[in-house]
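Right, one structure below, let's go through it.
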Amino acid sequence: MKKIMSSLMKNKFIKILTCSIGMLLINIIPSYAAVVPPGTQLAEKQEIVRNNGSFPASLDVHKVESNVELNIIHDFFDGLVYTDNKGKIIPRLAERWETSDNQTWIFHIRKGAKWSDGIPITAHDVVFSWRRLLDPEMGSPYGSYLGTAHVTNANDILSGKKKAEELGVKALDNSTLEVKLDKPVAYFLQMLTHPILVPISEKVVQKYGDKWTHPDNFVGSGAFKLSEWKVNENVIGVRNTHYWDNENTIINKVTYLALVSEKSDLNRYLAGEIDITFTIPLDSFTSLKKTLGDQVHIDPMLSTYYYVFNTKKPPFDDVRVRKALSLAIDREVIAEKILGMGQLPAYSILPPNIGGITLTPPEYASWTQAQRIKKAKELLNEAGFNEKTPLKFALLYNTRESHKKIAIAVTSMWKKNLGVDVTLQNQEWKVMLDNMHQNKFDVVRYAWTADYNSPMSFLDTFLTGSSHNIPLYENSHFDQMVIKAGETNDTAYYQKAMDIFNNDMPVIPVYHYVINRMVKPYVGGFYVSPMDYVSTKDLYIIKH
């Protein structure tokens, strides 16, 4: 998760010469940073306050799974590569790389790259970190990520069949990393941009164990380092003076608030206590657009809001029940009336045109809502549910006003159209995650934001055995089509995979997100990626 880049620095290019063994020629654009337009007067106080929506469960990279945590990790750590605001791969900790076949990759760690304690960052730290991500005892929610990337032996290590030392990742020396894949993966660099693959300090983790993320022990590699951790209140980061690009960072302090209430978020923004909100309350959007239009930021996002069935639990092991509940939801009402910020009705788990690929939607997307309801009634009746024996279950969602509004609307549709009785359960984010991963739910609200710009970022989460496969969905034909799609990037395989998935309906796609935030006019350099990351290192405060 999803758990959803900025301006370029310097006008020059680094070119890697083709090696005698035929290495691929690669042009690399240097990393971007805060770029202040000429004549701009900066404020004396370069500090920023962002609402993060909830308090992070952890800052241990290998124990997290949502943007609540990854938003902060994104600021506190650098990965090998990242993307600029046009989606192009640019260097971070790796200053250059080469490959001849998209299967064996060599990365060169940036000279002078240091941890926030001043100790050099090495290729050995990357090896340690990726092995730790795969450690079965670690139980990382993203444990299957390296296997999805086809790093050699990753899946066998995760399942305990092979030792960590057999992972296809090797430090050739302190500054050179070799990564071997099971097969060529053309989008491998895109996968490396995800915060889950940032290296962490081997020495610090070995010294402090699980307490390495405590403010007194914390060591990172990003533009900011952890300064304060006040549970359920805020997380504060301060400038990391050892950061390799510190001279191009302007913000000195960033505070992440943990406000769950959208109204509190907005009220504190209007009071001047917050510079960037986490979102915008639904019932305030229209008036804010009229009165503070230049501060309302709406951006496209590769993300889908959906409800997940526990497919191993009756009656949700019956595809007729799943389809009936899906068909009975009027997505246009939710997207256009309840939300109304530009969200799109979702009839597929994949956001439109992800990875530049356009797929044919399922047949029911072209039906009228009356046709969908008619079919839903037929399916539910076939499954044995009617007025005399109504379907009853619980819908679980995490605390947030918008989730509550949508849940109330959906359950009303189910009641009106199908006579279904639904009990609403709302829990704090961390509690909901725990219950979700322990399969203690009937139907649960969830969402997925692309880890990288490809349909694979969504589809591989539903592969049999994936650590992100919340509905516990299993279909070997679907698995085969997804694997083929990943190997070929062929639209035909993506289409076949989606046809199977839509027919099985393990989740109910509800709508495709847009990113909506209030941003103060004095915040310069603001840019939010389609994966919903804002790089604080690219921001600056204008004199006001």
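Just remember, in the structure tokens the first chain shown is A, the second B, etc., residues are 1-based per chain, and ligands are 1-based in the order shown.
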Identify, on the basis of only C-alpha atoms, every residue whose closest approach to Ile508 (chain A) does not exceed 10 Å; exclude the query and any residue fewer than 5 positions from it along the same chain; express the result as an mmCIF file with N, CA and C atoms, in the first residue's frame.
data_model
loop_
_atom_site.group_PDB
_atom_site.id
_atom_site.type_symbol
_atom_site.label_atom_id
_atom_site.label_comp_id
_atom_site.auth_asym_id
_atom_site.auth_seq_id
_atom_site.Cartn_x
_atom_site.Cartn_y
_atom_site.Cartn_z
ATOM 1 N N TYR A 305 -9.977 2.127 -4.533
ATOM 2 C CA TYR A 305 -10.681 1.878 -3.265
ATOM 3 C C TYR A 305 -11.573 0.668 -3.492
ATOM 4 N N TYR A 306 -11.485 -0.328 -2.610
ATOM 5 C CA TYR A 306 -12.304 -1.525 -2.812
ATOM 6 C C TYR A 306 -12.628 -2.224 -1.497
ATOM 7 N N TYR A 307 -13.614 -3.117 -1.578
ATOM 8 C CA TYR A 307 -13.972 -3.968 -0.452
ATOM 9 C C TYR A 307 -13.479 -5.386 -0.732
ATOM 10 N N VAL A 308 -12.894 -5.993 0.285
ATOM 11 C CA VAL A 308 -12.294 -7.324 0.142
ATOM 12 C C VAL A 308 -13.170 -8.369 0.812
ATOM 13 N N PHE A 309 -13.437 -9.449 0.079
ATOM 14 C CA PHE A 309 -14.159 -10.584 0.653
ATOM 15 C C PHE A 309 -13.177 -11.553 1.307
ATOM 16 N N ARG A 322 -20.642 -12.981 -3.969
ATOM 17 C CA ARG A 322 -19.688 -11.891 -4.217
ATOM 18 C C ARG A 322 -20.146 -11.013 -5.381
ATOM 19 N N LYS A 323 -20.569 -11.645 -6.467
ATOM 20 C CA LYS A 323 -21.025 -10.884 -7.630
ATOM 21 C C LYS A 323 -22.285 -10.076 -7.318
ATOM 22 N N LEU A 325 -23.293 -8.795 -4.456
ATOM 23 C CA LEU A 325 -22.972 -7.618 -3.645
ATOM 24 C C LEU A 325 -22.259 -6.550 -4.465
ATOM 25 N N SER A 326 -21.430 -6.989 -5.401
ATOM 26 C CA SER A 326 -20.731 -6.030 -6.251
ATOM 27 C C SER A 326 -21.695 -5.310 -7.188
ATOM 28 N N LEU A 327 -22.563 -6.075 -7.836
ATOM 29 C CA LEU A 327 -23.484 -5.491 -8.811
ATOM 30 C C LEU A 327 -24.477 -4.518 -8.185
ATOM 31 N N ILE A 329 -24.031 -2.286 -5.963
ATOM 32 C CA ILE A 329 -23.472 -0.983 -5.587
ATOM 33 C C ILE A 329 -23.525 -0.022 -6.765
ATOM 34 N N ALA A 346 -15.247 2.656 -10.291
ATOM 35 C CA ALA A 346 -14.316 1.563 -10.599
ATOM 36 C C ALA A 346 -15.073 0.267 -10.864
ATOM 37 N N TYR A 347 -14.873 -0.270 -12.050
ATOM 38 C CA TYR A 347 -15.447 -1.570 -12.404
ATOM 39 C C TYR A 347 -14.343 -2.610 -12.562
ATOM 40 N N SER A 348 -13.132 -2.166 -12.363
ATOM 41 C CA SER A 348 -11.961 -3.034 -12.423
ATOM 42 C C SER A 348 -10.998 -2.589 -11.339
ATOM 43 N N ILE A 349 -10.179 -3.485 -10.861
ATOM 44 C CA ILE A 349 -9.202 -3.140 -9.837
ATOM 45 C C ILE A 349 -8.116 -2.215 -10.387
ATOM 46 N N VAL A 443 -16.125 -8.853 5.349
ATOM 47 C CA VAL A 443 -15.780 -7.962 4.242
ATOM 48 C C VAL A 443 -15.053 -6.771 4.859
ATOM 49 N N ARG A 445 -12.835 -2.952 4.195
ATOM 50 C CA ARG A 445 -12.424 -1.863 3.302
ATOM 51 C C ARG A 445 -10.919 -1.885 3.117
ATOM 52 N N TYR A 446 -10.478 -1.707 1.901
ATOM 53 C CA TYR A 446 -9.047 -1.663 1.639
ATOM 54 C C TYR A 446 -8.804 -0.789 0.419
ATOM 55 N N ASN A 502 -12.166 -10.558 -12.780
ATOM 56 C CA ASN A 502 -13.484 -9.919 -12.718
ATOM 57 C C ASN A 502 -14.602 -10.947 -12.618
#
(request) Within 6 Å of region 95-111 of chain A, counting only C-alpha atoms, which residues show up once you throw out same-chain ones fewer than 6 positions away? Write them as a PyMOL selection string, please. (result) chain A and resi 23-24+175-181+183-186
For the selection just defined, write its residues with C-alpha atoms to a file, as a compact mmCIF listing (two decimals), in the first residue's frame.
# COMPACT_ATOMS: atom_id res chain seq x y z
CA MET A 23 26.63 -3.52 -21.14
CA LEU A 24 23.54 -1.54 -21.96
CA SER A 175 30.44 0.31 -3.51
CA THR A 176 29.31 -2.27 -6.08
CA LEU A 177 26.11 -4.29 -5.90
CA GLU A 178 25.19 -7.18 -8.18
CA VAL A 179 21.57 -8.26 -8.51
CA LYS A 180 20.61 -11.40 -10.42
CA LEU A 181 17.07 -12.15 -11.52
CA LYS A 183 14.58 -13.93 -15.87
CA PRO A 184 14.75 -10.57 -17.63
CA VAL A 185 12.52 -7.93 -16.02
CA ALA A 186 12.31 -4.79 -18.10
(request) Go through A:Tyr397, A:Trp448, A:Phe316, A:Trp115 one by one, measure the shortest atom-to-atom distance of each to Met505 (chain A) using only C-alpha atoms, and give the residue with the smallest value. (result)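 Smallest distance to Met505 (chain A) is found for A:Phe316.
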(message) What does the structure give for the distance between CA of Lys543 (chain A) and CA of Phe285 (chain A), in Å to one decimal?
(response)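 CA of Lys543 (chain A) sits 27.3 Å away from CA of Phe285 (chain A).
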(request) Apply DSSP to the backbone of this structure and, from region 164-393 of chain A, keep only the residues in helix (DSSP H, G or I); write these as number ranges by chain. (result) A: 164-166, 188-191, 195-197, 202-213, 246-248, 262-270, 282-291, 293-295, 319-327, 331-339, 354-356, 363-366, 369-382
(message) As an exercise, work out the distance from CA of Gln427 (chain A) to CA of Ile334 (chain A) in Å and give it to one decimal place.
(response)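 CA of Ile334 (chain A) lies at a distance of 21.9 Å from CA of Gln427 (chain A).
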(request) Considering only C-alpha atoms, return as a ChimeraX atom specification whatever protein or nucleic-acid residues lie within 12 Å of region 250-252 of chain A, sequence-local ones (same chain, fewer than 3 positions apart) excluded. (result) /A:33-36,42-49,75,223-225,227,236-241,245-247,255,523-525,535-542
(message) Give me the residues near region 378-388 of chain A as a PyMOL selection string, where near means some atom within 7 Å (using only C-alpha atoms) and where sequence neighbours in that chain fewer than 5 positions away do not count.
(response) chain A and resi 320-321+324+419
(message) Under the rule that only C-alpha atoms are counted, which of A:Thr122, A:Thr213, A:Asn155, A:Asn267 is the nearest residue to Phe76 (chain A)?
(response)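 Answer, going by the shortest atom-to-atom distance: A:Thr213.
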Sorted by chain and rising residue number, which residues of region 337-422 of chain A lie within 9 Å of region 286-298 of chain A, and what are their closest atom pairs and distances in Å to one decimal, counting only C-alpha atoms, as a tab-separated table?
residue	atom	partner	partner_atom	distance
A:Gly340	CA	A:Thr286	CA	8.8
A:Met341	CA	A:Ile298	CA	7.8
A:Gly342	CA	A:Ile298	CA	8.2
(request) Go through A:Ile157, A:Leu270, A:Leu359, A:Met413 and flag the residue nearest Arg331 (chain A), using only C-alpha atoms for the distances. (result) A:Met413
(request) Please run DSSP on the backbone and report, as an NGL selection string, all residues within region 498-539 of chain A that come out as strand (DSSP E). (result) :A and (507-518 or 523-524)
(request) Find the residues near Lys263 (chain A): any atom within 9 Å, counting only C-alpha atoms, skip ones fewer than 4 places away on the same chain, and give them as a list in words. (result)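 The residues satisfying every condition are Asn267, Arg268, Ile280, Pro281, Ser284 and Glu401 of chain A.
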